>>> print(open('my_file.txt').read())   # compact mmCIF, N, CA and C atoms
# COMPACT_ATOMS: atom_id res chain seq x y z
N MET A 37 0.83 -1.18 0.00
CA MET A 37 0.00 0.00 0.00
C MET A 37 0.88 1.25 0.00
N LYS A 38 2.08 1.15 0.58
CA LYS A 38 2.97 2.29 0.60
C LYS A 38 3.44 2.69 -0.79
N LEU A 39 3.37 1.75 -1.73
CA LEU A 39 3.82 2.03 -3.09
C LEU A 39 2.69 2.48 -4.00
N GLY A 40 1.51 2.72 -3.44
CA GLY A 40 0.43 3.30 -4.23
C GLY A 40 -0.69 2.37 -4.64
N MET A 41 -0.72 1.16 -4.16
CA MET A 41 -1.81 0.25 -4.50
C MET A 41 -2.94 0.40 -3.50
N PRO A 42 -4.18 0.30 -3.96
CA PRO A 42 -5.31 0.34 -3.03
C PRO A 42 -5.25 -0.83 -2.05
N GLU A 43 -5.85 -0.66 -0.92
CA GLU A 43 -5.79 -1.68 0.14
C GLU A 43 -6.34 -3.01 -0.32
N TRP A 44 -7.46 -3.00 -1.04
CA TRP A 44 -8.07 -4.26 -1.47
C TRP A 44 -7.19 -5.01 -2.45
N VAL A 45 -6.45 -4.30 -3.30
CA VAL A 45 -5.56 -4.95 -4.26
C VAL A 45 -4.36 -5.55 -3.52
N ALA A 46 -3.82 -4.80 -2.58
CA ALA A 46 -2.69 -5.30 -1.80
C ALA A 46 -3.10 -6.52 -0.98
N TYR A 47 -4.27 -6.50 -0.41
CA TYR A 47 -4.76 -7.64 0.37
C TYR A 47 -4.95 -8.86 -0.52
N ARG A 48 -5.59 -8.65 -1.68
CA ARG A 48 -5.85 -9.76 -2.59
C ARG A 48 -4.56 -10.42 -3.05
N ASN A 49 -3.57 -9.63 -3.40
CA ASN A 49 -2.32 -10.18 -3.89
C ASN A 49 -1.42 -10.70 -2.77
N GLY A 50 -1.55 -10.16 -1.59
CA GLY A 50 -0.76 -10.64 -0.46
C GLY A 50 -1.26 -11.96 0.09
N ASN A 51 -2.51 -12.28 -0.17
CA ASN A 51 -3.10 -13.51 0.36
C ASN A 51 -3.41 -14.53 -0.73
N THR A 52 -2.67 -14.48 -1.80
CA THR A 52 -2.89 -15.43 -2.89
C THR A 52 -2.27 -16.79 -2.56
N ARG A 53 -2.80 -17.82 -3.17
CA ARG A 53 -2.26 -19.16 -2.99
C ARG A 53 -1.26 -19.51 -4.08
N LYS A 54 -1.05 -18.60 -4.99
CA LYS A 54 -0.12 -18.85 -6.08
C LYS A 54 1.31 -18.88 -5.54
N GLY A 55 2.18 -19.50 -6.29
CA GLY A 55 3.58 -19.61 -5.89
C GLY A 55 4.34 -18.32 -6.13
N TYR A 56 5.59 -18.33 -5.71
CA TYR A 56 6.43 -17.14 -5.83
C TYR A 56 6.62 -16.72 -7.29
N TRP A 57 6.75 -17.71 -8.18
CA TRP A 57 6.99 -17.41 -9.58
C TRP A 57 5.79 -16.67 -10.18
N ALA A 58 4.58 -17.10 -9.86
CA ALA A 58 3.38 -16.46 -10.38
C ALA A 58 3.22 -15.06 -9.80
N VAL A 59 3.53 -14.89 -8.53
CA VAL A 59 3.41 -13.59 -7.89
C VAL A 59 4.45 -12.62 -8.44
N ALA A 60 5.65 -13.14 -8.76
CA ALA A 60 6.71 -12.30 -9.30
C ALA A 60 6.32 -11.69 -10.64
N GLY A 61 5.51 -12.37 -11.41
CA GLY A 61 5.09 -11.85 -12.70
C GLY A 61 3.73 -11.17 -12.66
N SER A 62 3.21 -10.94 -11.48
CA SER A 62 1.87 -10.36 -11.37
C SER A 62 1.89 -8.86 -11.66
N GLY A 63 0.75 -8.34 -11.96
CA GLY A 63 0.61 -6.93 -12.28
C GLY A 63 0.96 -6.00 -11.14
N ILE A 64 0.68 -6.41 -9.92
CA ILE A 64 0.95 -5.54 -8.78
C ILE A 64 2.44 -5.25 -8.64
N LEU A 65 3.27 -6.23 -8.89
CA LEU A 65 4.72 -6.01 -8.77
C LEU A 65 5.26 -5.18 -9.92
N THR A 66 4.73 -5.39 -11.13
CA THR A 66 5.24 -4.63 -12.26
C THR A 66 4.83 -3.17 -12.20
N HIS A 67 3.77 -2.86 -11.47
CA HIS A 67 3.33 -1.47 -11.34
C HIS A 67 3.89 -0.77 -10.11
N THR A 68 4.28 -1.52 -9.10
CA THR A 68 4.76 -0.88 -7.87
C THR A 68 6.28 -0.90 -7.75
N ILE A 69 6.90 -2.00 -8.10
CA ILE A 69 8.36 -2.10 -7.98
C ILE A 69 8.95 -1.95 -9.38
N THR A 70 9.21 -0.71 -9.76
CA THR A 70 9.70 -0.41 -11.09
C THR A 70 11.22 -0.32 -11.10
N ASN A 71 11.80 -0.32 -12.29
CA ASN A 71 13.25 -0.17 -12.41
C ASN A 71 13.72 1.16 -11.83
N LYS A 72 12.92 2.19 -11.96
CA LYS A 72 13.27 3.50 -11.41
C LYS A 72 13.37 3.44 -9.88
N ARG A 73 12.42 2.78 -9.25
CA ARG A 73 12.46 2.64 -7.79
C ARG A 73 13.65 1.80 -7.35
N LEU A 74 13.94 0.72 -8.09
CA LEU A 74 15.08 -0.12 -7.75
C LEU A 74 16.39 0.64 -7.91
N ALA A 75 16.51 1.43 -8.97
CA ALA A 75 17.72 2.23 -9.18
C ALA A 75 17.89 3.25 -8.06
N HIS A 76 16.79 3.82 -7.60
CA HIS A 76 16.83 4.79 -6.50
C HIS A 76 17.34 4.13 -5.22
N ARG A 77 17.05 2.84 -5.05
CA ARG A 77 17.50 2.09 -3.86
C ARG A 77 18.92 1.54 -3.99
N GLY A 78 19.53 1.73 -5.15
CA GLY A 78 20.91 1.29 -5.32
C GLY A 78 21.10 0.05 -6.18
N TYR A 79 20.01 -0.53 -6.67
CA TYR A 79 20.12 -1.69 -7.57
C TYR A 79 20.33 -1.19 -8.99
N TYR A 80 20.91 -2.01 -9.82
CA TYR A 80 21.13 -1.61 -11.20
C TYR A 80 20.31 -2.47 -12.14
N ASP A 81 20.06 -1.93 -13.32
CA ASP A 81 19.28 -2.62 -14.33
C ASP A 81 20.20 -3.58 -15.08
N ILE A 82 19.92 -4.86 -15.03
CA ILE A 82 20.77 -5.86 -15.64
C ILE A 82 20.85 -5.66 -17.15
N SER A 83 19.73 -5.34 -17.79
CA SER A 83 19.75 -5.16 -19.24
C SER A 83 20.60 -3.96 -19.64
N GLU A 84 20.56 -2.89 -18.86
CA GLU A 84 21.40 -1.72 -19.16
C GLU A 84 22.88 -2.03 -18.94
N ALA A 85 23.19 -2.80 -17.93
CA ALA A 85 24.58 -3.20 -17.69
C ALA A 85 25.09 -4.06 -18.83
N TYR A 86 24.25 -4.96 -19.32
CA TYR A 86 24.64 -5.80 -20.46
C TYR A 86 24.89 -4.95 -21.70
N LYS A 87 23.97 -4.01 -21.94
CA LYS A 87 24.12 -3.15 -23.12
C LYS A 87 25.38 -2.31 -23.06
N SER A 88 25.75 -1.86 -21.88
CA SER A 88 26.94 -1.04 -21.76
C SER A 88 28.21 -1.87 -21.97
N LEU A 89 28.16 -3.16 -21.67
CA LEU A 89 29.32 -4.03 -21.86
C LEU A 89 29.41 -4.62 -23.26
N HIS A 90 28.26 -4.83 -23.87
CA HIS A 90 28.20 -5.47 -25.19
C HIS A 90 27.48 -4.56 -26.17
N TYR A 91 28.14 -3.55 -26.59
CA TYR A 91 27.55 -2.59 -27.52
C TYR A 91 27.26 -3.27 -28.86
N LEU A 92 26.01 -3.18 -29.30
CA LEU A 92 25.62 -3.81 -30.57
C LEU A 92 25.66 -2.84 -31.70
>>> encode(input="my_file.txt", output="structure tokens")
Amino acid sequence: MKLGMPEWVAYRNGNTRKGYWAVAGSGILTHTITNKRLAHRGYYDISEAYKSLHYL
């Protein structure tokens, strides 16, 4: 909810019976945990790192 999802959506996705792999590809994660947020926290984008090392 801190990342901007309504309470009912966060509850529904937090209490799912699906496995980690299914939850990792769910819409809630792709909308809340973006590459921009990860970069702000100090993580780097793997695809950008690859592109910088292997210029096509």
>>> atom_distance(input="my_file.txt", atom1="CA of Trp57 in chain A", atom2="CA of Arg73 in chain A")
20.9 Å
>>> atom_distance(input="my_file.txt", atom1="CA of Thr66 in chain A", atom2="CA of Val45 in chain A")
13.4 Å
>>> select_by_dssp(input="my_file.txt", residues="range 44-91 of chain A", states="helix (DSSP H, G or I)", output="ChimeraX atom specification")
/A:44-50,56-60,63-68,71-76,82-89
>>> atom_distance(input="my_file.txt", atom1="CA of Lys38 in chain A", atom2="CA of Ala60 in chain A")
18.0 Å
